[in-house]
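S.K.: File start-v8.tsv below, TSV, C-alpha atoms:
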chain	number	residue	atom	x	y	z
A	1	MET	CA	4.52	15.85	-0.10
A	2	ALA	CA	3.86	12.38	-1.49
A	3	ASN	CA	2.98	11.57	-5.07
A	4	LEU	CA	-0.63	11.15	-6.21
A	5	VAL	CA	-0.60	9.53	-9.64
A	6	ILE	CA	-3.46	8.58	-11.97
A	7	MET	CA	-2.40	5.65	-14.14
A	8	SER	CA	-4.23	5.66	-17.47
A	9	ALA	CA	-5.33	2.14	-18.37
A	10	GLY	CA	-6.58	1.22	-21.83
A	11	MET	CA	-4.64	3.99	-23.54
A	12	LYS	CA	-4.22	3.71	-27.33
A	13	ALA	CA	-1.74	5.53	-29.53
A	14	ASP	CA	-4.46	7.04	-31.75
A	15	LEU	CA	-6.02	8.85	-28.78
A	16	VAL	CA	-2.95	10.58	-27.41
A	17	LEU	CA	-2.78	13.67	-29.65
A	18	GLY	CA	-2.84	16.70	-27.40
A	19	ILE	CA	-3.24	14.73	-24.17
A	20	PRO	CA	-0.43	15.10	-21.60
A	21	VAL	CA	-0.31	11.48	-20.43
A	22	GLU	CA	1.87	11.28	-17.33
A	23	SER	CA	1.45	7.62	-16.45
A	24	ILE	CA	0.07	4.45	-18.00
A	25	LEU	CA	-0.86	0.94	-16.92
A	26	VAL	CA	-0.46	-2.02	-19.26
A	27	ASN	CA	-0.87	-5.72	-18.55
A	28	VAL	CA	1.37	-8.69	-19.21
A	29	PRO	CA	-0.81	-10.58	-21.74
A	30	ASP	CA	-1.31	-7.48	-23.90
A	31	VAL	CA	2.37	-6.51	-23.90
A	32	GLU	CA	3.45	-10.09	-24.64
A	33	LYS	CA	0.96	-10.22	-27.51
A	34	SER	CA	2.66	-7.30	-29.28
A	35	TYR	CA	5.82	-5.63	-28.03
A	36	GLU	CA	5.74	-3.50	-31.18
A	37	THR	CA	2.36	-2.02	-30.23
A	38	TYR	CA	3.60	-1.38	-26.69
A	39	HIS	CA	6.73	0.43	-27.83
A	40	ARG	CA	4.73	2.46	-30.35
A	41	LEU	CA	2.50	3.58	-27.48
A	42	ILE	CA	5.47	4.48	-25.29
A	43	ASP	CA	7.12	6.41	-28.11
A	44	ALA	CA	3.91	8.40	-28.64
A	45	LEU	CA	3.24	9.10	-24.96
A	46	LYS	CA	6.66	9.30	-23.35
A	47	PRO	CA	5.05	8.76	-19.92
A	48	GLN	CA	6.89	9.56	-16.72
A	49	TYR	CA	5.64	6.38	-15.00
A	50	ARG	CA	4.80	2.94	-16.39
A	51	MET	CA	2.99	0.25	-14.42
A	52	LEU	CA	2.85	-3.41	-15.47
A	53	ASP	CA	-0.17	-5.32	-14.14
A	54	SER	CA	0.31	-9.07	-14.03
A	55	GLY	CA	-2.88	-10.06	-15.81
A	56	GLY	CA	-5.20	-10.82	-12.93
A	57	TYR	CA	-8.06	-9.36	-14.96
A	58	GLN	CA	-7.43	-11.90	-17.71
A	59	ILE	CA	-7.41	-14.75	-15.14
A	60	LEU	CA	-10.68	-13.49	-13.67
A	61	THR	CA	-12.25	-13.20	-17.12
A	62	ALA	CA	-11.04	-16.67	-18.10
A	63	GLU	CA	-12.55	-18.08	-14.92
A	64	GLU	CA	-15.89	-16.39	-15.57
A	65	GLU	CA	-15.93	-17.50	-19.23
A	66	GLY	CA	-15.02	-21.11	-18.43
A	67	LYS	CA	-11.74	-21.10	-20.35
A	68	ARG	CA	-9.17	-23.81	-19.83
A	69	ILE	CA	-6.74	-22.27	-17.28
A	70	SER	CA	-3.24	-23.49	-16.47
A	71	PHE	CA	-0.27	-22.10	-14.57
A	72	ASP	CA	2.62	-23.97	-16.20
A	73	GLU	CA	6.01	-22.21	-16.25
A	74	HIS	CA	7.27	-24.68	-18.87
A	75	LYS	CA	4.69	-23.52	-21.41
A	76	PRO	CA	4.59	-20.13	-23.14
A	77	LEU	CA	2.13	-17.46	-22.11
A	78	ILE	CA	-1.22	-18.31	-23.74
A	79	ASN	CA	-4.25	-16.02	-23.89
A	80	SER	CA	-6.53	-17.38	-26.59
A	81	ALA	CA	-10.27	-17.67	-27.04
A	82	GLY	CA	-10.37	-20.97	-25.16
A	83	GLU	CA	-7.21	-21.12	-23.04
A	84	LEU	CA	-5.10	-19.10	-20.63
A	85	ASN	CA	-1.67	-20.00	-19.29
A	86	LEU	CA	-0.01	-17.38	-17.13
A	87	THR	CA	2.65	-17.66	-14.40
A	88	PRO	CA	4.96	-15.44	-12.34
A	89	ASN	CA	7.74	-16.43	-14.71
A	90	HIS	CA	5.86	-14.86	-17.62
A	91	VAL	CA	5.24	-11.72	-15.54
A	92	VAL	CA	8.94	-11.35	-14.71
A	93	GLU	CA	9.98	-12.11	-18.29
A	94	VAL	CA	7.84	-9.26	-19.60
A	95	ALA	CA	8.98	-6.94	-16.78
A	96	ALA	CA	12.63	-7.68	-17.58
A	97	ARG	CA	12.05	-6.73	-21.23
A	98	ILE	CA	10.25	-3.42	-20.68
A	99	ASN	CA	11.64	-2.34	-17.27
A	100	PRO	CA	8.51	-0.62	-15.87
A	101	ASP	CA	8.45	1.56	-12.77
A	102	ILE	CA	5.97	-0.73	-11.00
A	103	VAL	CA	5.42	-4.47	-11.43
A	104	VAL	CA	2.35	-6.11	-9.87
A	105	ALA	CA	2.95	-9.69	-8.78
A	106	GLN	CA	0.67	-12.31	-10.27
A	107	ASP	CA	-2.62	-12.77	-8.45
A	108	PHE	CA	-5.87	-14.73	-8.66
A	109	PRO	CA	-8.61	-12.10	-8.18
A	110	ILE	CA	-11.44	-12.84	-5.78
A	111	LEU	CA	-14.98	-12.56	-7.12
A	112	LYS	CA	-17.50	-9.95	-6.07
A	113	ILE	CA	-19.43	-11.99	-3.52
A	114	THR	CA	-21.71	-10.92	-0.68
A	115	GLY	CA	-22.11	-12.91	2.52
A	116	GLU	CA	-19.43	-13.86	5.02
A	117	SER	CA	-19.55	-17.59	4.26
A	118	GLY	CA	-19.19	-17.16	0.51
A	119	GLN	CA	-16.42	-14.60	0.87
A	120	ARG	CA	-14.48	-16.81	3.27
A	121	LYS	CA	-14.75	-19.77	0.88
A	122	GLU	CA	-13.61	-17.67	-2.09
A	123	PHE	CA	-10.70	-16.15	-0.15
A	124	PHE	CA	-9.32	-19.50	0.95
A	125	LYS	CA	-9.86	-20.97	-2.54
A	126	LYS	CA	-7.61	-18.28	-4.07
A	127	PHE	CA	-5.28	-17.77	-1.08
A	128	PRO	CA	-2.82	-20.64	-1.86
A	129	PHE	CA	-2.32	-19.27	-5.37
A	130	ASN	CA	-1.89	-15.67	-4.20
A	131	ARG	CA	0.57	-16.62	-1.45
A	132	LYS	CA	2.61	-18.85	-3.76
A	133	TRP	CA	2.68	-16.39	-6.64
A	134	ALA	CA	3.60	-13.42	-4.46
A	135	ILE	CA	6.63	-15.26	-3.13
A	136	ARG	CA	7.54	-16.71	-6.53
A	137	THR	CA	7.40	-13.33	-8.29
A	138	SER	CA	9.72	-11.85	-5.67
A	139	GLU	CA	12.12	-14.83	-5.93
A	140	LEU	CA	12.31	-14.58	-9.72
A	141	MET	CA	13.03	-10.86	-9.58
A	142	VAL	CA	15.81	-11.52	-7.04
A	143	GLN	CA	17.30	-14.16	-9.35
A	144	ARG	CA	17.36	-11.67	-12.22
A	145	GLY	CA	18.84	-8.88	-10.11
A	146	MET	CA	15.76	-6.69	-10.60
A	147	ASP	CA	14.82	-3.81	-8.29
A	148	LEU	CA	12.38	-5.20	-5.72
A	149	ASN	CA	11.25	-1.70	-4.77
A	150	LYS	CA	9.29	-1.85	-8.02
A	151	LEU	CA	7.35	-4.93	-6.94
A	152	PHE	CA	3.80	-4.37	-5.64
A	153	MET	CA	1.98	-7.23	-3.91
A	154	PRO	CA	-1.72	-7.49	-4.86
A	155	VAL	CA	-4.12	-7.83	-1.94
A	156	GLN	CA	-7.05	-10.12	-2.75
A	157	CYS	CA	-8.99	-10.08	0.52
A	158	TYR	CA	-12.48	-9.19	1.74
A	159	THR	CA	-11.57	-8.37	5.34
A	160	ILE	CA	-8.72	-7.01	7.44
A	161	GLN	CA	-8.43	-10.39	9.14
A	162	GLN	CA	-7.87	-12.07	5.77
A	163	PHE	CA	-5.31	-9.41	4.88
A	164	GLU	CA	-3.46	-10.15	8.11
A	165	ILE	CA	-3.34	-13.84	7.12
A	166	PHE	CA	-1.95	-12.96	3.69
A	167	HIS	CA	0.59	-10.52	5.09
A	168	ARG	CA	1.77	-13.05	7.67
A	169	HIS	CA	2.24	-15.76	5.06
A	170	ILE	CA	4.41	-13.60	2.80
A	171	SER	CA	6.58	-12.53	5.75
A	172	GLY	CA	10.20	-12.30	4.68
A	173	CYS	CA	9.29	-11.78	1.04
A	174	ALA	CA	10.83	-8.61	-0.38
A	175	PHE	CA	8.62	-6.06	-2.16
A	176	GLY	CA	8.15	-2.30	-2.44
A	177	GLY	CA	4.41	-1.66	-2.20
A	178	MET	CA	0.90	-3.08	-2.30
A	179	SER	CA	-2.01	-2.85	-4.70
A	180	MET	CA	-5.64	-3.72	-4.09
A	181	PRO	CA	-8.90	-3.72	-6.02
A	182	VAL	CA	-11.96	-1.91	-4.67
A	183	ARG	CA	-14.70	-3.97	-6.30
A	184	ASN	CA	-15.74	-5.52	-2.98
A	185	LEU	CA	-15.20	-2.58	-0.63
A	186	LYS	CA	-16.87	0.59	0.59
A	187	LEU	CA	-14.66	3.67	0.92
A	188	ASN	CA	-14.22	3.44	4.69
A	189	GLU	CA	-13.21	-0.22	4.23
A	190	VAL	CA	-10.57	0.83	1.69
A	191	LEU	CA	-9.31	3.33	4.26
A	192	ARG	CA	-9.01	0.65	6.95
A	193	PHE	CA	-6.99	-1.56	4.63
A	194	TRP	CA	-4.70	1.41	3.97
A	195	LEU	CA	-4.35	2.16	7.66
A	196	LYS	CA	-3.37	-1.44	8.30
A	197	MET	CA	-0.81	-1.21	5.48
A	198	TYR	CA	0.52	1.96	7.06
A	199	GLU	CA	0.88	0.17	10.38
A	200	TYR	CA	2.78	-2.62	8.61
A	201	GLY	CA	5.24	-0.04	7.27
A	202	ILE	CA	4.02	-0.06	3.66
A	203	THR	CA	4.98	3.24	2.02
A	204	ARG	CA	3.58	2.83	-1.51
A	205	VAL	CA	0.01	1.85	-2.43
A	206	HIS	CA	-2.14	1.50	-5.54
A	207	LEU	CA	-5.90	1.11	-6.05
A	208	LEU	CA	-6.70	-1.16	-8.97
A	209	GLY	CA	-9.59	-0.44	-11.27
A	210	THR	CA	-11.02	2.84	-10.00
A	211	THR	CA	-10.77	6.55	-10.62
A	212	ALA	CA	-14.07	7.38	-8.93
A	213	ALA	CA	-14.13	10.84	-7.40
A	214	LYS	CA	-14.50	9.49	-3.86
A	215	ALA	CA	-11.48	7.17	-4.27
A	216	ILE	CA	-9.32	9.93	-5.76
A	217	THR	CA	-10.31	12.29	-2.93
A	218	LEU	CA	-9.34	9.81	-0.22
A	219	ALA	CA	-6.12	9.02	-2.06
A	220	ALA	CA	-5.29	12.73	-2.22
A	221	TYR	CA	-5.69	13.04	1.54
A	222	MET	CA	-3.54	9.97	2.26
A	223	ALA	CA	-0.82	11.36	0.01
A	224	ARG	CA	-0.87	14.97	1.25
A	225	GLN	CA	-0.94	13.89	4.90
A	226	HIS	CA	2.14	11.66	4.47
A	227	PHE	CA	0.53	8.34	5.26
A	228	PHE	CA	2.33	7.09	2.15
A	229	GLU	CA	5.08	8.38	-0.11
A	230	TRP	CA	3.27	7.12	-3.23
A	231	VAL	CA	-0.47	6.73	-3.90
A	232	SER	CA	-1.77	5.80	-7.34
A	233	LEU	CA	-5.00	4.68	-8.98
A	234	ASP	CA	-5.96	3.33	-12.39
A	235	SER	CA	-9.02	2.59	-14.48
A	236	THR	CA	-10.42	2.68	-17.99
A	237	THR	CA	-13.43	4.74	-16.90
A	238	TRP	CA	-12.39	7.72	-19.02
A	239	MET	CA	-12.46	5.55	-22.17
A	240	LEU	CA	-15.47	3.39	-21.30
A	241	ALA	CA	-17.52	6.51	-20.53
A	242	ALA	CA	-16.52	7.98	-23.89
A	243	ASN	CA	-17.55	4.78	-25.68
A	244	ASN	CA	-20.93	5.03	-23.93
A	245	LYS	CA	-21.29	8.68	-24.94
A	246	GLN	CA	-20.88	9.97	-21.41
A	247	TYR	CA	-19.20	13.25	-20.51
A	248	LEU	CA	-17.48	13.17	-17.11
A	249	ALA	CA	-18.41	16.29	-15.16
A	250	SER	CA	-15.33	18.21	-14.09
A	251	GLU	CA	-16.77	18.82	-10.59
A	252	ASP	CA	-17.20	15.19	-9.46
A	253	LEU	CA	-16.64	12.96	-12.54
A	254	LYS	CA	-20.33	12.10	-12.75
A	255	GLY	CA	-21.25	10.69	-16.16
A	256	LEU	CA	-23.53	13.01	-18.16
A	257	ARG	CA	-25.32	11.56	-21.19
A	258	VAL	CA	-24.57	13.28	-24.50
A	259	GLY	CA	-25.51	10.42	-26.82
A	260	ASP	CA	-28.98	9.46	-27.99
A	261	GLU	CA	-30.99	8.62	-24.86
A	262	LYS	CA	-31.82	10.53	-21.67
A	263	LEU	CA	-29.70	13.45	-22.83
A	264	ILE	CA	-28.51	16.20	-20.57
A	265	SER	CA	-30.15	19.52	-21.42
A	266	PRO	CA	-28.35	21.03	-24.44
A	267	THR	CA	-28.61	24.48	-22.85
A	268	ARG	CA	-26.92	23.45	-19.61
A	269	ARG	CA	-23.83	25.57	-19.05
A	270	LYS	CA	-20.55	23.72	-19.23
A	271	THR	CA	-18.01	24.35	-16.46
A	272	CYS	CA	-14.95	22.50	-17.76
A	273	ASN	CA	-12.22	24.70	-19.24
A	274	CYS	CA	-9.92	22.00	-20.59
A	275	LEU	CA	-8.47	22.45	-24.07
A	276	TRP	CA	-11.13	20.23	-25.61
A	277	CYS	CA	-14.05	22.08	-24.00
A	278	SER	CA	-12.83	25.62	-24.57
A	279	ASP	CA	-14.89	26.05	-27.75
A	280	PHE	CA	-18.20	25.23	-26.03
A	281	THR	CA	-20.29	27.22	-23.55
A	282	ASP	CA	-23.08	24.61	-23.27
A	283	PHE	CA	-23.67	20.98	-24.28
A	284	ALA	CA	-25.50	21.61	-27.55
A	285	GLY	CA	-22.39	21.51	-29.72
A	286	ILE	CA	-21.14	18.35	-28.02
A	287	ILE	CA	-24.50	16.57	-28.37
A	288	ASN	CA	-24.69	17.45	-32.08
A	289	MET	CA	-21.26	16.05	-33.00
A	290	ASP	CA	-21.12	13.04	-35.32
A	291	SER	CA	-20.58	9.76	-33.46
A	292	ARG	CA	-16.88	9.27	-34.26
A	293	SER	CA	-15.89	12.84	-33.47
A	294	LYS	CA	-17.93	12.74	-30.27
A	295	SER	CA	-16.21	9.57	-29.04
A	296	ARG	CA	-12.76	11.01	-29.66
A	297	PHE	CA	-13.70	14.34	-28.05
A	298	LEU	CA	-15.15	12.59	-25.00
A	299	ALA	CA	-12.09	10.38	-24.57
A	300	ARG	CA	-9.83	13.43	-24.46
A	301	HIS	CA	-12.13	15.48	-22.23
A	302	ASN	CA	-12.77	12.57	-19.84
A	303	PHE	CA	-9.05	11.96	-19.52
A	304	MET	CA	-8.35	15.61	-18.72
A	305	ALA	CA	-11.35	15.87	-16.37
A	306	THR	CA	-10.01	12.96	-14.34
A	307	GLN	CA	-6.50	14.37	-14.19
A	308	ASN	CA	-7.72	17.86	-13.27
A	309	PHE	CA	-10.05	16.54	-10.58
A	310	ALA	CA	-7.12	14.67	-9.01
A	311	ARG	CA	-4.95	17.81	-9.06
A	312	ASN	CA	-7.70	19.90	-7.47
A	313	ALA	CA	-8.38	17.32	-4.76
A	314	TYR	CA	-4.67	17.10	-4.00
A	315	VAL	CA	-4.40	20.87	-3.63
A	316	ARG	CA	-7.36	20.95	-1.24
A	317	ALA	CA	-6.12	17.96	0.79
A	318	GLY	CA	-3.73	20.06	2.87
A	319	SER	CA	-6.29	19.77	5.67
A	320	ALA	CA	-9.37	17.67	6.32
A	321	ALA	CA	-11.49	20.81	6.67
A	322	ASN	CA	-10.44	22.17	3.27
A	323	LEU	CA	-11.01	18.83	1.62
A	324	GLU	CA	-14.45	18.49	3.21
A	325	GLU	CA	-15.35	21.92	1.84
A	326	PHE	CA	-14.14	20.79	-1.59
A	327	ILE	CA	-16.35	17.69	-1.38
A	328	ASN	CA	-19.44	19.61	-0.29
A	329	ASN	CA	-18.96	22.22	-3.01
A	330	ASN	CA	-18.39	19.77	-5.86
A	331	PHE	CA	-20.06	16.42	-5.25
A	332	THR	CA	-23.60	16.40	-6.64
A	333	ASN	CA	-24.53	13.01	-5.15
A	334	ASP	CA	-25.27	13.55	-1.45
A	335	ARG	CA	-24.77	9.89	-0.52
A	336	ILE	CA	-21.32	9.75	-2.12
A	337	ALA	CA	-20.41	13.09	-0.56
A	338	ARG	CA	-21.35	11.80	2.90
A	339	GLU	CA	-19.43	8.57	2.35
A	340	THR	CA	-16.33	10.51	1.29
A	341	VAL	CA	-16.54	13.01	4.14
A	342	SER	CA	-16.94	10.15	6.62
A	343	ALA	CA	-13.78	8.43	5.34
A	344	ILE	CA	-11.78	11.68	5.42
A	345	ARG	CA	-12.90	12.39	8.98
A	346	GLU	CA	-11.94	8.88	10.05
A	347	ALA	CA	-8.50	9.27	8.48
A	348	ALA	CA	-8.07	12.68	10.13
A	349	GLN	CA	-9.06	11.26	13.52
A	350	TYR	CA	-6.57	8.43	13.10
A	351	ARG	CA	-3.88	10.96	12.24
A	352	ARG	CA	-4.65	13.06	15.32
A	353	THR	CA	-4.65	10.01	17.56
A	354	ARG	CA	-1.34	8.78	16.22
A	355	ALA	CA	0.21	12.22	16.51
A	356	ILE	CA	-0.92	12.49	20.14
A	357	SER	CA	0.22	8.98	21.04
A	358	ASN	CA	3.64	9.60	19.51
A	359	GLY	CA	3.98	13.02	21.12
A	360	THR	CA	4.59	14.77	17.84
A	361	ASN	CA	2.69	16.78	15.23
A	362	ARG	CA	3.54	14.49	12.35
A	363	ILE	CA	2.73	10.96	11.36
A	364	ILE	CA	5.40	8.49	12.46
A	365	GLN	CA	6.08	5.57	10.15
A	366	VAL	CA	5.55	2.28	11.96
A	367	ALA	CA	8.45	-0.13	11.62
Can the structure in the file be given as structure tokens, please?
M.R.:
Amino acid sequence: MANLVIMSAGMKADLVLGIPVESILVNVPDVEKSYETYHRLIDALKPQYRMLDSGGYQILTAEEEGKRISFDEHKPLINSAGELNLTPNHVVEVAARINPDIVVAQDFPILKITGESGQRKEFFKKFPFNRKWAIRTSELMVQRGMDLNKLFMPVQCYTIQQFEIFHRHISGCAFGGMSMPVRNLKLNEVLRFWLKMYEYGITRVHLLGTTAAKAITLAAYMARQHFFEWVSLDSTTWMLAANNKQYLASEDLKGLRVGDEKLISPTRRKTCNCLWCSDFTDFAGIINMDSRSKSRFLARHNFMATQNFARNAYVRAGSAANLEEFINNNFTNDRIARETVSAIREAAQYRRTRAISNGTNRIIQVA
């Protein structure tokens, strides 16, 4: 069976006590800012997998904030209050120093835009950068003798047709997998991107910036059913929810308020049995914690809830029917449950069709 891995983004050394962190995601600007902090984190966590994101988030933020942006390989990496300079050369330099398991090529993220005309304009505005940087990152890794199986190409597209354009224009460029954000896509649209990647022979995929229950569930199915040999996801949701005094429900990762406003009922029975929740039978004790203790408790619980949900989904993903039962028994939002079931059924139908067309009972990797 393929790997399903949750990459923990935003992890800090002071939060790791008692948390079995398997995998982490860090980004180039943060690592470059302080290698000492990075190595202190690695020494504390000892993760099995390390993923290095190129810093697309910082480029997107700089664009939104109106910073001065440059892409000059002859200048050092700059990420200050008023300026950003980031290039594939900086990405590869950092990767060469820390030797991560996955390196995401530099990309220029597309904005969350609705409307076909606006999306097309945004795609073609960023496309020359994304094509050039994908190829350049691969070339620089070749020059340094680095393992290109570690290189993931980021997909910044709104439609399958745009993805086909991107894929065609990086033809001949060596890499080992693909990553994509989900900010612009519904779950069935994510699935169709993955199916196209499968048809292109991609064997390793990553979803950037989400650990939503529906995304994890679809990822579990794609991994268990051998569409890919590696499926991973990342986000800082576990930490952001904790900072906002939200407890992620173990059943479907829904945020439950335990702070000061619109509180969940203190007498509601708690179902999570993680180490951090074992002392509580309801939410009263959690609600009554002091603010600092509550934030630290929630960070640890939310982390474990996410990991445990992924493990449970993976176990149930041995068949579409079992996974659908898991969804219907655990998802409290009917709309999200229906969206997830629909995507799983579409993936299962694709699998059956491919198995029939290939005259075999297993998925055949397309060359």
S.K.: For Gln119 of chain A, which residue out of A:Pro88, A:Thr159, A:Ile336, A:Asn27 is the nearest one, using only C-alpha atoms?
M.R.: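 Of the candidates, the smallest distance to Gln119 of chain A is held by A:Thr159.
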S.K.: If we count all atoms listed in the file and set the cut-off at 7 Å, which residues sit around segment 111-115 of chain A, ignoring sequence neighbours fewer than 3 positions away in its own chain? Please answer as a list in words.
M.R.: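 The residues that qualify are Gly118, Gln119, Arg183 and Asn184 of chain A.
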S.K.: For Ile98 of chain A, which of A:Ile160, A:Leu218, A:Ala348, A:Met146 is the closest residue, counting only C-alpha atoms?
M.R.: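 Between A:Ile160, A:Leu218, A:Ala348, A:Met146, the residue approaching Ile98 of chain A most closely is A:Met146.
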S.K.: Listing only residues of segment 11-41 of chain A within 10 Å of segment 64-86 of chain A, what is the closest atom pair and its distance in Å (to one decimal) for each, using all atoms listed in the file, sorted by chain and residue number ascending, as a tab-separated table?
M.R.:
residue	atom	partner	partner_atom	distance
A:Val28	CA	A:Leu86	CA	9.0
A:Pro29	CA	A:Asn79	CA	6.8
A:Asp30	CA	A:Asn79	CA	9.0
A:Glu32	CA	A:Leu77	CA	7.9
A:Lys33	CA	A:Asn79	CA	8.6
S.K.: Show me, as a PyMOL selection string, the residues that have an atom within 9 Å of Glu339 of chain A when counting all atoms listed in the file, minus same-chain residues fewer than 6 positions from it.
M.R.: chain A and resi 186-188+214
S.K.: Have a look at atom CA of Leu41 of chain A and atom CA of Ser250 of chain A and let me know their distance in Å, one decimal.
M.R.: 26.7 Å
S.K.: Write out as a PyMOL selection string the residues lying within 9 Å of Ala241 of chain A, counting all atoms listed in the file and excluding same-chain residues fewer than 5 positions away.
M.R.: chain A and resi 236+246-248+255+298-299+302
S.K.: Extract, using all atoms listed in the file, all DNA, RNA and protein residues at most 9 Å from Ala215 of chain A, discarding same-chain residues fewer than 6 positions from it, and format them as a CSV table (one decimal) with C-alpha atoms, in the frame of the given file.
M.R.:
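And here's selection23.csv as it stands now:
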chain,number,residue,atom,x,y,z
A,187,LEU,CA,-14.7,3.7,0.9
A,190,VAL,CA,-10.6,0.8,1.7
A,207,LEU,CA,-5.9,1.1,-6.0
A,233,LEU,CA,-5.0,4.7,-9.0
A,340,THR,CA,-16.3,10.5,1.3
S.K.: Near Ser293 of chain A, counting all atoms listed in the file, which residues have an atom at most 12 Å away, once you skip same-chain residues fewer than 6 positions from it, shown as a ChimeraX atom specification?
M.R.: /A:15,242-243,245,259,276,285-287,299-300
S.K.: Could you tell me, as JSON, numbers by chain, which residues have any atom at most 12 Å from (-2.5, 5.9, -17.0), counting all atoms listed in the file?
M.R.: {"A": [5, 6, 7, 8, 9, 10, 11, 12, 16, 19, 20, 21, 22, 23, 24, 25, 26, 27, 41, 42, 45, 46, 47, 48, 49, 50, 51, 52, 53, 208, 209, 210, 211, 232, 233, 234, 235, 236, 237, 238, 239, 303, 304, 306, 307]}
S.K.: If I take atom CA of Met141 of chain A and atom CA of Ser171 of chain A, how far is one from the other in Å, to one decimal?
M.R.: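 Atom CA of Ser171 of chain A lies at a distance of 16.7 Å from atom CA of Met141 of chain A.
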S.K.: Looking at A:Glu93, A:Asp260, A:Asp43, A:Glu325, which one is nearest to Arg144 of chain A, with distances taken over only C-alpha atoms?
M.R.: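 Among the listed residues, A:Glu93 lies closest to Arg144 of chain A.
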S.K.: Within 12 Å of (-6.8, 0.8, 4.0) (file coordinates; only C-alpha atoms), which protein or nucleic acid residues are there? I'd like them as a ChimeraX atom specification.
M.R.: /A:155,157-160,163,178-182,185-200,202,204-207,215,218-219,222,227-228,231,343,346-347,350
S.K.: For atom CA of Pro154 of chain A and atom CA of Asp101 of chain A, quote the distance in Å rounded to one decimal.
M.R.: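 One can read the atom CA of Pro154 of chain A to atom CA of Asp101 of chain A distance as 15.7 Å.
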